[in-house]
Structure formats: C-alpha cells, structure tokens
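Notes for the one structure printed next.
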Amino acid sequence: MLARSAAIVIVVAWAVATATFILMRMTPGGPFSRDRKIPAAVQQAIEHYYHLDEPAWKQYARYLGAAATGRFGPSYDQPGVTVGEVIAQRFPVSAVLGVIALAISLTLAFPLGIAAALKPGGWPDRINATAASAGVAIPSFILASLLLYVFSLKLRLFPGSGWYGAASAVLPAISLSALPTAYLARLIRSELSEVLRSDFLRTARAKGVAPWRIVAVHALRHILAPVLAFLGPQAAAVMTGSFVVELIFDIPGLGRDFVYSISNRNYPMIMGLTVFYTVLLVSFNLISDGVARWLDPRTRRP
Amino acid sequence: MTMAPTQIRPVGGAPRWWLRMRRDRAFWFAFIGLMLITIIAIVGPWLSPYTESEQDLYHTYAPPSARHWMGSDALGRDLLTRVLYGGRISLAVGAMGALVSLLIGVTVGGVAGLRGGLVEAALMRLVDFLYAVPLLLVVIALMVVTGPRLTNIFIALGLVYWLQMARVVRVRVAELKTREFVEAARALGAGFWRIFRRHILPNTTGVVVVTATFMIPQAIFTESFLSFIGLGVSIPHASWGTLASEGRDALLSHPHLLAFPAAAICLTMFLFQTLGESLRAALDPRQTGND
C-alpha cells in the first residue's frame, strides 16, 4: 500500500516534470538571447556554464536528477536565491493559511450539514443548499476582493495586505474556505441522511436512543471516511485559491510568488513550483484516501 | 422484421423527463436567464454607441451615469460595452471548452465502454492516471508557453475537462451494452459503429447533457481565473475575468470597475449551476429509475 502510493507520487511527478520540461523547451528564445549581439565567445561561455550547449536529452537527464533531489536551480528574478530556498521560505505561510482555511471549513460544514440532514427542508437545509450554490458560483478572487473592500477598505476591521499576525489571516482564510465549506456541508448532508435511513439506526431509534446520541455516537463515525477522502481534492481547491487570494491580500506566500513568476516568465521558478505543487497535491490525495480506507473496514483488503 | 426501438421511452405521450422538467420552476428561471444573457451578449455590443477599445481620456473612471451605464475605466472605455464583449468571450470559452471535452470524452468513454477488454483497460488507466495529475498546473504551464490566445484556452480547457465526461460515458455505455435491444441489434448483424451511433449514443444523451452543463461554468471559472492571474484572454480582447482583474487594480477608489464584471460572472455561474441541477434531477437515470 505504502509502496504503491510512493510509486504513484513518483510517476505523476515524473510525468509533470517531463511535461514542463518539454513545454519550457518549446518557448522561443533562450534565457540568454539578447537583442544586441554579444561576442560569440562570451555567449558560448555562458551557455557552457549553464549546460545549455548540451543535447536536449542530456539537459533532460540533468534536470530530472536535480529535480529528484529538490534542486530547481536559481530563481531568475532574485540572483543568488534558489527555487528551493524560495519554497522553504514562502511555503510555511501558505501552509498555515491553508490549514486555517480547512479548519474553518470543517467547523462550519459539520454543524450546517448535520442540521440540514436532521431536518430535510428545514431552514438549515435551505441555508445549506443556498450556500452550496453560492460557494460554487462565487469564484474565490471575487469573494476575496469583496471581503477586502468591505471589511478592510471601508470598515477598516482587518488589515488588507501583508502578513502580520492573526488579524491579517482572517479575511484570506475566509476567502479560501468558502468553496470547501460549500462542498463539505453538502457532502456531510447527503452522507449523513443516507446513514440516518439505515436499518441499524432505525433499530437504535426504536430502542429509544436519544437523537443527539444517534448522530454523535452512531452516525458521525460512518461519514468520517468519506469526509476525509474528500479533504484531499479540497486541498487542490485551497491551493488554486491561494494563488489569487495571496495576490489580492499581498501575502508573502508561495501562491503569490507562483503568480509573480508566471507574469515574469521566471521559468525555473514555474517549473520548480509546478513539480512541487504536484507532489504536494498527489501526496495529500493519497494520504487522505489511505486514512479514509483505514477508517472504513469495508474497503480494507482482507 | 422491425428493430427494437433504440430509445427507451414510456409508451405514448411526451417523455417522462420532459413532464418532470416542465413543472420545475428553477429550470425555467435558469434557462430563460441564460438565454437572456446570451442574447444580450451577442446583440448588445451592436446596439452600444461605443466600441470595446474606444478611449475617452477626458472621462476616465466615470461613475455609472446615463452616459456610461456602468461607468468607464482607466482609459475612459465604456464598461458596459466591455462587459458585453467580455460576455461573448466568456460564454464562448464556456461553450467551446464544454464542446471540446464533450467530443473527446464521449469518444473515449464510448469506445472504452463498448470495446471492453484491453482497449477499455488501457484507456481507463490513462484517465485514472490523468485524474491524479493536478491539471490546472499543466494548463498554467501550457498557457505560459503557448501564450494567452483564445484558441489556446479552448484547447487547454478541453484537454483538461474531458476526463470526467469519459468516465461518466463509459459507465453508462458499459451498462447499456448488456441491454436486450443492443444484443438484438448485434444478433441482426449490426456492426460496431452502427451499434455505437444508433443504439448506444442516443441513450447516453441524458448523462452527457448533464455533465456538459456542469462543465460550462467550470470552464468559465477556469478562464476567468487564468485571466485574473494574467494568463487568459489578452489585449485587445477582454473576458469577464480580465475585466475583474483590471477592476481590482482600482478597487479602493472605483469599486464599480470590479463590481459589474464580478456580478456578471457570479450570475452566469449560478444560473448554469441551477440549470445543471435541474437537468440532473430530470435526466439522471440514477434518480429516475429506468431512464
């Protein structure tokens, strides 16, 4: 199981690294192409230094070897800083923000989903349905801009840019959590209402077990596995959200740097971060899937 | 001897899904709303006295008024006209993204489901593998290299979103394959493609339409996301995402520049979502028992 997961991560990372390598090779011009002619000897020396004069397969092998050990070379726009150093410095900020966002989603989605499942058609159910539609319909960059305008620029309740302590995390975290909350609440509602209809819970009700006990003790453990399995894909939503949300709130995280590297055509950075995000997401998916399987004995192999 | 009917319908009268959907108010709300948006986006720019890129440097950042209904932007361009043009682009992206993924997905899913065996195993393994790849990152890399052109967006979106369609169609086809009318057609000597075209495809319409409807807002969302981070539609064209991105730059002083494109995006996504849910309730075989 563990070996298989590791193999999947490696194969996907290799495929994405190869795809990015091919794509970046397709870009016209090289990093040292200039409008003005520079002496041929200098050009050659530079290209030799960065191994650009080698055949493509050799560069590819070199790139894969370096990528496997987490070295993606220097960042073009910050001389002397490697892509690995940028990741080490920026990623913790994004990670903290992402964890807060997922925590908000879980704390909101559980009560909402449970209340909706207990009374289909009741007002929590209607809030749930509306929130689900709204969460899907409002892109994170619009929600983030709206929150920034109302709560930071107009009401001045929270800082609108930068990363200085808890207050500056509030608005970005809410922006990031909207979509996962909408999906999670909906998932919890549908899974829970299915469990509540099952025979063993009908028996429990017939025996006179209190309604709150039925949900808290008997039903919730059955929806834990699907919810956990769902968290993996939601990490992807939080990640894509972080690209724009960090940009809007000017948070020095990896997402903002990724967008900057895109607009600056900082190729080593784009390649490195693409591979890094890929490994991160695939691992996250596999972990959440694995934990969900482990929790649910029915899907465990004998 | 006549062939068994290719489409399963209740005997006589309108199909059941239509009877169900006709009474669904949410469906009509979404359907009419989307028709209106589409018509306005197509016809609107011709009625406007301004063009998309016409600058009026004496009237920059004008608030909404009788002259500029949605105000004007940093270069004095009429925002309403730009939102209408942007609607054309965003809707085209949604439709084309859904269409490309529909063509690829239905072909792959259909062939996999019908052929079975090694072909199915190979195709579905590929789909499973691509599902594990964070494709948005690949799209970003693709857009960085190929440049922000409209056709590139169509291709990129289509290449990403066909996976879901392929999966849905394969399951449906594999299930249809075992039905008697397909067996009857085969017994009568119908070939692979004939069975696929005449007997299988028409019966996948329900799931294909539902899946494609949900794909349109996804494609619109992804395009606006790409435009927002500077990879989407480029000058001189502007999609809703581009307009929202421009509006963000002047958020503090001129919030209307963001508000109108943002509202257009949210409203359209919401209507497509509602439409998809109504269609699913009416067409999805799992909800309706036997078609």
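Residue numbering restarts at 1 for every chain of the structure tokens, chains are lettered A, B, ... in their displayed order, and ligands are numbered from 1 as they appear.
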Residue list (alpha helix (DSSP H), DSSP) for range 179-266 of chain A, as a PDB file with N, CA and C atoms, in the first residue's frame:
```pdb
ATOM      1  N   LEU A 179     -15.273  27.805  -0.737  1.00  0.00           N
ATOM      2  CA  LEU A 179     -15.578  26.701  -1.645  1.00  0.00           C
ATOM      3  C   LEU A 179     -15.553  25.343  -0.939  1.00  0.00           C
ATOM      4  N   PRO A 180     -14.492  25.026  -0.171  1.00  0.00           N
ATOM      5  CA  PRO A 180     -14.517  23.754   0.567  1.00  0.00           C
ATOM      6  C   PRO A 180     -15.705  23.653   1.525  1.00  0.00           C
ATOM      7  N   THR A 181     -16.078  24.771   2.162  1.00  0.00           N
ATOM      8  CA  THR A 181     -17.222  24.719   3.077  1.00  0.00           C
ATOM      9  C   THR A 181     -18.481  24.314   2.331  1.00  0.00           C
ATOM     10  N   ALA A 182     -18.700  24.951   1.175  1.00  0.00           N
ATOM     11  CA  ALA A 182     -19.908  24.648   0.406  1.00  0.00           C
ATOM     12  C   ALA A 182     -19.955  23.169   0.034  1.00  0.00           C
ATOM     13  N   TYR A 183     -18.832  22.650  -0.489  1.00  0.00           N
ATOM     14  CA  TYR A 183     -18.801  21.249  -0.900  1.00  0.00           C
ATOM     15  C   TYR A 183     -18.951  20.314   0.287  1.00  0.00           C
ATOM     16  N   LEU A 184     -18.240  20.633   1.389  1.00  0.00           N
ATOM     17  CA  LEU A 184     -18.243  19.745   2.547  1.00  0.00           C
ATOM     18  C   LEU A 184     -19.619  19.662   3.189  1.00  0.00           C
ATOM     19  N   ALA A 185     -20.260  20.825   3.366  1.00  0.00           N
ATOM     20  CA  ALA A 185     -21.574  20.832   4.006  1.00  0.00           C
ATOM     21  C   ALA A 185     -22.544  19.977   3.201  1.00  0.00           C
ATOM     22  N   ARG A 186     -22.442  20.088   1.895  1.00  0.00           N
ATOM     23  CA  ARG A 186     -23.317  19.320   1.027  1.00  0.00           C
ATOM     24  C   ARG A 186     -23.017  17.822   1.142  1.00  0.00           C
ATOM     25  N   LEU A 187     -21.735  17.504   1.171  1.00  0.00           N
ATOM     26  CA  LEU A 187     -21.329  16.100   1.294  1.00  0.00           C
ATOM     27  C   LEU A 187     -21.806  15.509   2.619  1.00  0.00           C
ATOM     28  N   ILE A 188     -21.585  16.262   3.709  1.00  0.00           N
ATOM     29  CA  ILE A 188     -21.984  15.770   5.028  1.00  0.00           C
ATOM     30  C   ILE A 188     -23.489  15.555   5.074  1.00  0.00           C
ATOM     31  N   ARG A 189     -24.237  16.496   4.485  1.00  0.00           N
ATOM     32  CA  ARG A 189     -25.691  16.357   4.482  1.00  0.00           C
ATOM     33  C   ARG A 189     -26.108  15.073   3.769  1.00  0.00           C
ATOM     34  N   SER A 190     -25.566  14.850   2.559  1.00  0.00           N
ATOM     35  CA  SER A 190     -26.045  13.700   1.799  1.00  0.00           C
ATOM     36  C   SER A 190     -25.579  12.382   2.415  1.00  0.00           C
ATOM     37  N   GLU A 191     -24.336  12.341   2.906  1.00  0.00           N
ATOM     38  CA  GLU A 191     -23.840  11.102   3.516  1.00  0.00           C
ATOM     39  C   GLU A 191     -24.610  10.791   4.794  1.00  0.00           C
ATOM     40  N   LEU A 192     -24.823  11.848   5.592  1.00  0.00           N
ATOM     41  CA  LEU A 192     -25.481  11.636   6.878  1.00  0.00           C
ATOM     42  C   LEU A 192     -26.931  11.205   6.697  1.00  0.00           C
ATOM     43  N   SER A 193     -27.629  11.832   5.744  1.00  0.00           N
ATOM     44  CA  SER A 193     -29.038  11.455   5.600  1.00  0.00           C
ATOM     45  C   SER A 193     -29.152  10.020   5.095  1.00  0.00           C
ATOM     46  N   GLU A 194     -28.136   9.569   4.366  1.00  0.00           N
ATOM     47  CA  GLU A 194     -28.159   8.170   3.942  1.00  0.00           C
ATOM     48  C   GLU A 194     -27.963   7.241   5.139  1.00  0.00           C
ATOM     49  N   VAL A 195     -26.990   7.591   5.977  1.00  0.00           N
ATOM     50  CA  VAL A 195     -26.724   6.765   7.158  1.00  0.00           C
ATOM     51  C   VAL A 195     -27.940   6.748   8.078  1.00  0.00           C
ATOM     52  N   LEU A 196     -28.578   7.920   8.212  1.00  0.00           N
ATOM     53  CA  LEU A 196     -29.713   8.010   9.132  1.00  0.00           C
ATOM     54  C   LEU A 196     -30.877   7.119   8.699  1.00  0.00           C
ATOM     55  N   ASP A 199     -30.773   0.649   8.522  1.00  0.00           N
ATOM     56  CA  ASP A 199     -31.523  -0.213   9.450  1.00  0.00           C
ATOM     57  C   ASP A 199     -31.030  -0.120  10.884  1.00  0.00           C
ATOM     58  N   PHE A 200     -29.685  -0.108  11.035  1.00  0.00           N
ATOM     59  CA  PHE A 200     -29.187  -0.153  12.413  1.00  0.00           C
ATOM     60  C   PHE A 200     -29.555   1.094  13.198  1.00  0.00           C
ATOM     61  N   LEU A 201     -29.724   2.211  12.489  1.00  0.00           N
ATOM     62  CA  LEU A 201     -30.111   3.421  13.209  1.00  0.00           C
ATOM     63  C   LEU A 201     -31.620   3.436  13.472  1.00  0.00           C
ATOM     64  N   ARG A 202     -32.368   2.777  12.588  1.00  0.00           N
ATOM     65  CA  ARG A 202     -33.797   2.652  12.858  1.00  0.00           C
ATOM     66  C   ARG A 202     -33.994   1.821  14.130  1.00  0.00           C
ATOM     67  N   THR A 203     -33.192   0.763  14.241  1.00  0.00           N
ATOM     68  CA  THR A 203     -33.236  -0.061  15.444  1.00  0.00           C
ATOM     69  C   THR A 203     -32.894   0.765  16.672  1.00  0.00           C
ATOM     70  N   ALA A 204     -31.825   1.572  16.539  1.00  0.00           N
ATOM     71  CA  ALA A 204     -31.405   2.386  17.667  1.00  0.00           C
ATOM     72  C   ALA A 204     -32.524   3.333  18.089  1.00  0.00           C
ATOM     73  N   ARG A 205     -33.186   3.922  17.083  1.00  0.00           N
ATOM     74  CA  ARG A 205     -34.281   4.843  17.398  1.00  0.00           C
ATOM     75  C   ARG A 205     -35.425   4.100  18.077  1.00  0.00           C
ATOM     76  N   ALA A 206     -35.688   2.889  17.587  1.00  0.00           N
ATOM     77  CA  ALA A 206     -36.778   2.099  18.164  1.00  0.00           C
ATOM     78  C   ALA A 206     -36.484   1.742  19.612  1.00  0.00           C
ATOM     79  N   PRO A 211     -31.878  11.296  20.150  1.00  0.00           N
ATOM     80  CA  PRO A 211     -31.493  11.726  18.807  1.00  0.00           C
ATOM     81  C   PRO A 211     -30.056  12.252  18.738  1.00  0.00           C
ATOM     82  N   TRP A 212     -29.639  13.052  19.718  1.00  0.00           N
ATOM     83  CA  TRP A 212     -28.282  13.600  19.645  1.00  0.00           C
ATOM     84  C   TRP A 212     -27.260  12.485  19.750  1.00  0.00           C
ATOM     85  N   ARG A 213     -27.607  11.433  20.530  1.00  0.00           N
ATOM     86  CA  ARG A 213     -26.697  10.307  20.703  1.00  0.00           C
ATOM     87  C   ARG A 213     -26.588   9.508  19.399  1.00  0.00           C
ATOM     88  N   LEU A 220     -22.111   9.693  13.059  1.00  0.00           N
ATOM     89  CA  LEU A 220     -20.987  10.516  12.597  1.00  0.00           C
ATOM     90  C   LEU A 220     -19.776   9.702  12.183  1.00  0.00           C
ATOM     91  N   ARG A 221     -19.521   8.604  12.933  1.00  0.00           N
ATOM     92  CA  ARG A 221     -18.335   7.824  12.596  1.00  0.00           C
ATOM     93  C   ARG A 221     -18.435   7.228  11.197  1.00  0.00           C
ATOM     94  N   HIS A 222     -19.665   7.076  10.703  1.00  0.00           N
ATOM     95  CA  HIS A 222     -19.819   6.488   9.376  1.00  0.00           C
ATOM     96  C   HIS A 222     -19.561   7.483   8.261  1.00  0.00           C
ATOM     97  N   ILE A 223     -19.668   8.771   8.556  1.00  0.00           N
ATOM     98  CA  ILE A 223     -19.414   9.729   7.482  1.00  0.00           C
ATOM     99  C   ILE A 223     -17.992  10.276   7.557  1.00  0.00           C
ATOM    100  N   LEU A 224     -17.245   9.840   8.576  1.00  0.00           N
ATOM    101  CA  LEU A 224     -15.887  10.343   8.729  1.00  0.00           C
ATOM    102  C   LEU A 224     -15.015   9.966   7.531  1.00  0.00           C
ATOM    103  N   ALA A 225     -15.151   8.718   7.083  1.00  0.00           N
ATOM    104  CA  ALA A 225     -14.301   8.248   5.985  1.00  0.00           C
ATOM    105  C   ALA A 225     -14.533   9.031   4.690  1.00  0.00           C
ATOM    106  N   PRO A 226     -15.804   9.158   4.226  1.00  0.00           N
ATOM    107  CA  PRO A 226     -15.991   9.951   3.007  1.00  0.00           C
ATOM    108  C   PRO A 226     -15.534  11.396   3.157  1.00  0.00           C
ATOM    109  N   VAL A 227     -15.737  11.984   4.339  1.00  0.00           N
ATOM    110  CA  VAL A 227     -15.315  13.371   4.524  1.00  0.00           C
ATOM    111  C   VAL A 227     -13.799  13.483   4.418  1.00  0.00           C
ATOM    112  N   LEU A 228     -13.099  12.530   5.035  1.00  0.00           N
ATOM    113  CA  LEU A 228     -11.636  12.558   4.964  1.00  0.00           C
ATOM    114  C   LEU A 228     -11.144  12.354   3.530  1.00  0.00           C
ATOM    115  N   ALA A 229     -11.786  11.416   2.832  1.00  0.00           N
ATOM    116  CA  ALA A 229     -11.380  11.154   1.453  1.00  0.00           C
ATOM    117  C   ALA A 229     -11.584  12.398   0.603  1.00  0.00           C
ATOM    118  N   PHE A 230     -12.549  13.232   1.009  1.00  0.00           N
ATOM    119  CA  PHE A 230     -12.896  14.430   0.261  1.00  0.00           C
ATOM    120  C   PHE A 230     -11.902  15.565   0.518  1.00  0.00           C
ATOM    121  N   LEU A 231     -11.219  15.495   1.672  1.00  0.00           N
ATOM    122  CA  LEU A 231     -10.309  16.587   2.023  1.00  0.00           C
ATOM    123  C   LEU A 231      -9.125  16.666   1.057  1.00  0.00           C
ATOM    124  N   GLY A 232      -8.715  15.539   0.510  1.00  0.00           N
ATOM    125  CA  GLY A 232      -7.596  15.538  -0.427  1.00  0.00           C
ATOM    126  C   GLY A 232      -7.850  16.443  -1.624  1.00  0.00           C
ATOM    127  N   PRO A 233      -8.926  16.158  -2.376  1.00  0.00           N
ATOM    128  CA  PRO A 233      -9.240  17.030  -3.506  1.00  0.00           C
ATOM    129  C   PRO A 233      -9.470  18.487  -3.082  1.00  0.00           C
ATOM    130  N   GLN A 234      -9.981  18.703  -1.874  1.00  0.00           N
ATOM    131  CA  GLN A 234     -10.222  20.083  -1.439  1.00  0.00           C
ATOM    132  C   GLN A 234      -8.925  20.847  -1.239  1.00  0.00           C
ATOM    133  N   ALA A 235      -7.853  20.108  -0.925  1.00  0.00           N
ATOM    134  CA  ALA A 235      -6.559  20.782  -0.806  1.00  0.00           C
ATOM    135  C   ALA A 235      -6.188  21.447  -2.124  1.00  0.00           C
ATOM    136  N   ALA A 236      -6.600  20.813  -3.236  1.00  0.00           N
ATOM    137  CA  ALA A 236      -6.327  21.410  -4.540  1.00  0.00           C
ATOM    138  C   ALA A 236      -7.079  22.725  -4.678  1.00  0.00           C
ATOM    139  N   ALA A 237      -8.331  22.752  -4.211  1.00  0.00           N
ATOM    140  CA  ALA A 237      -9.118  23.980  -4.288  1.00  0.00           C
ATOM    141  C   ALA A 237      -8.464  25.079  -3.456  1.00  0.00           C
ATOM    142  N   VAL A 238      -7.979  24.711  -2.266  1.00  0.00           N
ATOM    143  CA  VAL A 238      -7.325  25.695  -1.413  1.00  0.00           C
ATOM    144  C   VAL A 238      -6.048  26.210  -2.080  1.00  0.00           C
ATOM    145  N   MET A 239      -5.338  25.302  -2.745  1.00  0.00           N
ATOM    146  CA  MET A 239      -4.093  25.703  -3.401  1.00  0.00           C
ATOM    147  C   MET A 239      -4.357  26.699  -4.534  1.00  0.00           C
ATOM    148  N   THR A 240      -5.289  26.347  -5.448  1.00  0.00           N
ATOM    149  CA  THR A 240      -5.581  27.274  -6.532  1.00  0.00           C
ATOM    150  C   THR A 240      -6.114  28.578  -5.980  1.00  0.00           C
ATOM    151  N   GLY A 241      -6.937  28.466  -4.934  1.00  0.00           N
ATOM    152  CA  GLY A 241      -7.447  29.677  -4.306  1.00  0.00           C
ATOM    153  C   GLY A 241      -6.304  30.537  -3.806  1.00  0.00           C
ATOM    154  N   SER A 242      -5.271  29.874  -3.254  1.00  0.00           N
ATOM    155  CA  SER A 242      -4.184  30.638  -2.644  1.00  0.00           C
ATOM    156  C   SER A 242      -3.436  31.474  -3.687  1.00  0.00           C
ATOM    157  N   PHE A 243      -3.428  31.031  -4.949  1.00  0.00           N
ATOM    158  CA  PHE A 243      -2.758  31.842  -5.972  1.00  0.00           C
ATOM    159  C   PHE A 243      -3.348  33.246  -6.018  1.00  0.00           C
ATOM    160  N   VAL A 244      -4.681  33.307  -6.111  1.00  0.00           N
ATOM    161  CA  VAL A 244      -5.297  34.627  -6.267  1.00  0.00           C
ATOM    162  C   VAL A 244      -5.485  35.324  -4.928  1.00  0.00           C
ATOM    163  N   VAL A 245      -5.829  34.555  -3.886  1.00  0.00           N
ATOM    164  CA  VAL A 245      -6.106  35.193  -2.601  1.00  0.00           C
ATOM    165  C   VAL A 245      -4.835  35.823  -2.030  1.00  0.00           C
ATOM    166  N   GLU A 246      -3.716  35.127  -2.148  1.00  0.00           N
ATOM    167  CA  GLU A 246      -2.459  35.706  -1.657  1.00  0.00           C
ATOM    168  C   GLU A 246      -2.057  36.922  -2.470  1.00  0.00           C
ATOM    169  N   LEU A 247      -2.412  36.885  -3.755  1.00  0.00           N
ATOM    170  CA  LEU A 247      -2.122  38.039  -4.604  1.00  0.00           C
ATOM    171  C   LEU A 247      -2.964  39.239  -4.157  1.00  0.00           C
ATOM    172  N   ILE A 248      -4.252  38.993  -3.912  1.00  0.00           N
ATOM    173  CA  ILE A 248      -5.156  40.078  -3.565  1.00  0.00           C
ATOM    174  C   ILE A 248      -4.792  40.688  -2.210  1.00  0.00           C
ATOM    175  N   LEU A 254       3.635  31.188  -1.068  1.00  0.00           N
ATOM    176  CA  LEU A 254       4.119  30.572  -2.292  1.00  0.00           C
ATOM    177  C   LEU A 254       3.177  30.842  -3.465  1.00  0.00           C
ATOM    178  N   GLY A 255       1.873  30.957  -3.168  1.00  0.00           N
ATOM    179  CA  GLY A 255       0.896  31.187  -4.224  1.00  0.00           C
ATOM    180  C   GLY A 255       1.150  32.514  -4.931  1.00  0.00           C
ATOM    181  N   ARG A 256       1.406  33.555  -4.146  1.00  0.00           N
ATOM    182  CA  ARG A 256       1.667  34.864  -4.731  1.00  0.00           C
ATOM    183  C   ARG A 256       2.938  34.810  -5.572  1.00  0.00           C
ATOM    184  N   ASP A 257       3.966  34.136  -5.049  1.00  0.00           N
ATOM    185  CA  ASP A 257       5.218  34.030  -5.799  1.00  0.00           C
ATOM    186  C   ASP A 257       5.035  33.268  -7.103  1.00  0.00           C
ATOM    187  N   PHE A 258       4.142  32.278  -7.064  1.00  0.00           N
ATOM    188  CA  PHE A 258       3.891  31.494  -8.274  1.00  0.00           C
ATOM    189  C   PHE A 258       3.310  32.394  -9.360  1.00  0.00           C
ATOM    190  N   VAL A 259       2.322  33.222  -8.965  1.00  0.00           N
ATOM    191  CA  VAL A 259       1.711  34.123  -9.949  1.00  0.00           C
ATOM    192  C   VAL A 259       2.737  35.139 -10.448  1.00  0.00           C
ATOM    193  N   TYR A 260       3.562  35.678  -9.538  1.00  0.00           N
ATOM    194  CA  TYR A 260       4.619  36.603  -9.962  1.00  0.00           C
ATOM    195  C   TYR A 260       5.558  35.932 -10.953  1.00  0.00           C
ATOM    196  N   SER A 261       5.929  34.683 -10.649  1.00  0.00           N
ATOM    197  CA  SER A 261       6.878  34.009 -11.544  1.00  0.00           C
ATOM    198  C   SER A 261       6.245  33.760 -12.903  1.00  0.00           C
ATOM    199  N   ILE A 262       4.915  33.609 -12.921  1.00  0.00           N
ATOM    200  CA  ILE A 262       4.242  33.442 -14.211  1.00  0.00           C
ATOM    201  C   ILE A 262       4.296  34.740 -15.007  1.00  0.00           C
ATOM    202  N   SER A 263       3.971  35.860 -14.339  1.00  0.00           N
ATOM    203  CA  SER A 263       3.943  37.107 -15.107  1.00  0.00           C
ATOM    204  C   SER A 263       5.364  37.546 -15.472  1.00  0.00           C
TER     205      SER A 263
END
```
Residues of chain B at most 9 Å from chain A: nearest atom pair and distance in Å, only C-alpha atoms, as JSON lines:
```
{"residue": "B:Phe129", "atom": "CA", "partner": "A:Val12", "partner_atom": "CA", "distance": 7.7}
{"residue": "B:Leu130", "atom": "CA", "partner": "A:Val12", "partner_atom": "CA", "distance": 8.5}
{"residue": "B:Ala132", "atom": "CA", "partner": "A:Val282", "partner_atom": "CA", "distance": 6.5}
{"residue": "B:Val133", "atom": "CA", "partner": "A:Val12", "partner_atom": "CA", "distance": 6.2}
{"residue": "B:Pro134", "atom": "CA", "partner": "A:Thr278", "partner_atom": "CA", "distance": 6.1}
{"residue": "B:Leu136", "atom": "CA", "partner": "A:Thr240", "partner_atom": "CA", "distance": 8.3}
{"residue": "B:Leu137", "atom": "CA", "partner": "A:Thr274", "partner_atom": "CA", "distance": 6.1}
{"residue": "B:Val138", "atom": "CA", "partner": "A:Val16", "partner_atom": "CA", "distance": 7.4}
{"residue": "B:Ile140", "atom": "CA", "partner": "A:Ile262", "partner_atom": "CA", "distance": 8.4}
{"residue": "B:Ala141", "atom": "CA", "partner": "A:Thr20", "partner_atom": "CA", "distance": 6.6}
{"residue": "B:Leu142", "atom": "CA", "partner": "A:Leu23", "partner_atom": "CA", "distance": 6.7}
{"residue": "B:Val144", "atom": "CA", "partner": "A:Ile262", "partner_atom": "CA", "distance": 6.9}
{"residue": "B:Val145", "atom": "CA", "partner": "A:Thr27", "partner_atom": "CA", "distance": 5.6}
{"residue": "B:Thr146", "atom": "CA", "partner": "A:Thr27", "partner_atom": "CA", "distance": 7.7}
{"residue": "B:Pro217", "atom": "CA", "partner": "A:Ala137", "partner_atom": "CA", "distance": 8.3}
{"residue": "B:Phe221", "atom": "CA", "partner": "A:Pro139", "partner_atom": "CA", "distance": 7.0}
{"residue": "B:Ser224", "atom": "CA", "partner": "A:Pro139", "partner_atom": "CA", "distance": 8.8}
{"residue": "B:Phe225", "atom": "CA", "partner": "A:Phe141", "partner_atom": "CA", "distance": 7.7}
{"residue": "B:Phe228", "atom": "CA", "partner": "A:Val244", "partner_atom": "CA", "distance": 7.7}
{"residue": "B:Ile229", "atom": "CA", "partner": "A:Val259", "partner_atom": "CA", "distance": 6.3}
{"residue": "B:Gly230", "atom": "CA", "partner": "A:Ser263", "partner_atom": "CA", "distance": 6.7}
{"residue": "B:Leu231", "atom": "CA", "partner": "A:Ser263", "partner_atom": "CA", "distance": 8.0}
{"residue": "B:Ala244", "atom": "CA", "partner": "A:Ile142", "partner_atom": "CA", "distance": 7.9}
{"residue": "B:Ser245", "atom": "CA", "partner": "A:Phe141", "partner_atom": "CA", "distance": 9.0}
{"residue": "B:Arg248", "atom": "CA", "partner": "A:Ser145", "partner_atom": "CA", "distance": 7.1}
{"residue": "B:Leu251", "atom": "CA", "partner": "A:Tyr149", "partner_atom": "CA", "distance": 7.1}
{"residue": "B:Leu252", "atom": "CA", "partner": "A:Leu153", "partner_atom": "CA", "distance": 6.7}
{"residue": "B:Pro255", "atom": "CA", "partner": "A:Tyr149", "partner_atom": "CA", "distance": 8.0}
{"residue": "B:Leu258", "atom": "CA", "partner": "A:Ser145", "partner_atom": "CA", "distance": 8.4}
{"residue": "B:Ala259", "atom": "CA", "partner": "A:Leu146", "partner_atom": "CA", "distance": 8.6}
{"residue": "B:Ala262", "atom": "CA", "partner": "A:Ile142", "partner_atom": "CA", "distance": 6.3}
{"residue": "B:Ala263", "atom": "CA", "partner": "A:Ile142", "partner_atom": "CA", "distance": 9.0}
{"residue": "B:Ile265", "atom": "CA", "partner": "A:Ile138", "partner_atom": "CA", "distance": 7.8}
{"residue": "B:Cys266", "atom": "CA", "partner": "A:Ile138", "partner_atom": "CA", "distance": 5.2}
{"residue": "B:Leu267", "atom": "CA", "partner": "A:Ala137", "partner_atom": "CA", "distance": 7.4}
{"residue": "B:Thr268", "atom": "CA", "partner": "A:Ala137", "partner_atom": "CA", "distance": 8.0}
{"residue": "B:Met269", "atom": "CA", "partner": "A:Ala137", "partner_atom": "CA", "distance": 4.9}
{"residue": "B:Phe270", "atom": "CA", "partner": "A:Ala137", "partner_atom": "CA", "distance": 4.8}
{"residue": "B:Leu271", "atom": "CA", "partner": "A:Ala137", "partner_atom": "CA", "distance": 8.5}
{"residue": "B:Phe272", "atom": "CA", "partner": "A:Ala137", "partner_atom": "CA", "distance": 8.9}
{"residue": "B:Gln273", "atom": "CA", "partner": "A:Ser133", "partner_atom": "CA", "distance": 7.1}
{"residue": "B:Thr274", "atom": "CA", "partner": "A:Ser133", "partner_atom": "CA", "distance": 7.7}
```
### Task
Fewer than 3 positions away in the same chain doesn't count, so skip those; otherwise give me all residues within 10 Å of Ile87 in chain A, counting only C-alpha atoms, as a PyMOL selection string.
chain A and resi 82-84+90-92+253-254+257+269+272-273+276
Show me, as a CSV table (one decimal) with C-alpha atoms, in the first residue's frame, the residues that have an atom within 10 Å of Ala156 in chain B when counting only C-alpha atoms, minus same-chain residues fewer than 2 positions from it.
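Saved file selection24.csv follows:
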```csv
chain,number,residue,atom,x,y,z
B,97,GLY,CA,-14.5,24.2,-23.5
B,100,VAL,CA,-14.1,20.0,-27.0
B,101,SER,CA,-14.2,18.0,-23.8
B,135,LEU,CA,-4.2,19.5,-14.4
B,136,LEU,CA,-4.7,23.2,-13.6
B,138,VAL,CA,-0.4,21.8,-16.5
B,139,VAL,CA,-2.8,24.3,-18.0
B,140,ILE,CA,-0.9,27.1,-16.4
B,142,LEU,CA,0.8,25.3,-21.2
B,143,MET,CA,-0.6,28.9,-21.2
B,150,LEU,CA,-8.3,32.4,-27.1
B,151,THR,CA,-7.8,29.2,-29.2
B,152,ASN,CA,-5.1,28.0,-26.7
B,153,ILE,CA,-7.6,28.5,-23.9
B,154,PHE,CA,-10.2,26.4,-25.7
B,158,GLY,CA,-11.0,20.9,-23.4
B,159,LEU,CA,-7.9,18.8,-22.7
B,160,VAL,CA,-8.5,19.1,-19.0
B,161,TYR,CA,-12.2,18.5,-18.7
B,219,ALA,CA,-14.7,26.3,-18.0
B,223,GLU,CA,-10.8,31.0,-17.8
```
### Message
Considering only C-alpha atoms, can you say which of A:Leu155, A:Ala67, A:Leu295, A:Ile287 comes closest to Ala6 in chain A?
### Response
A:Ile287
### Message
Just to confirm, what's the straight-line distance from CA of Val86 in chain A to CA of Pro268 in chain A in Å (one decimal)?
### Response
11.6 Å
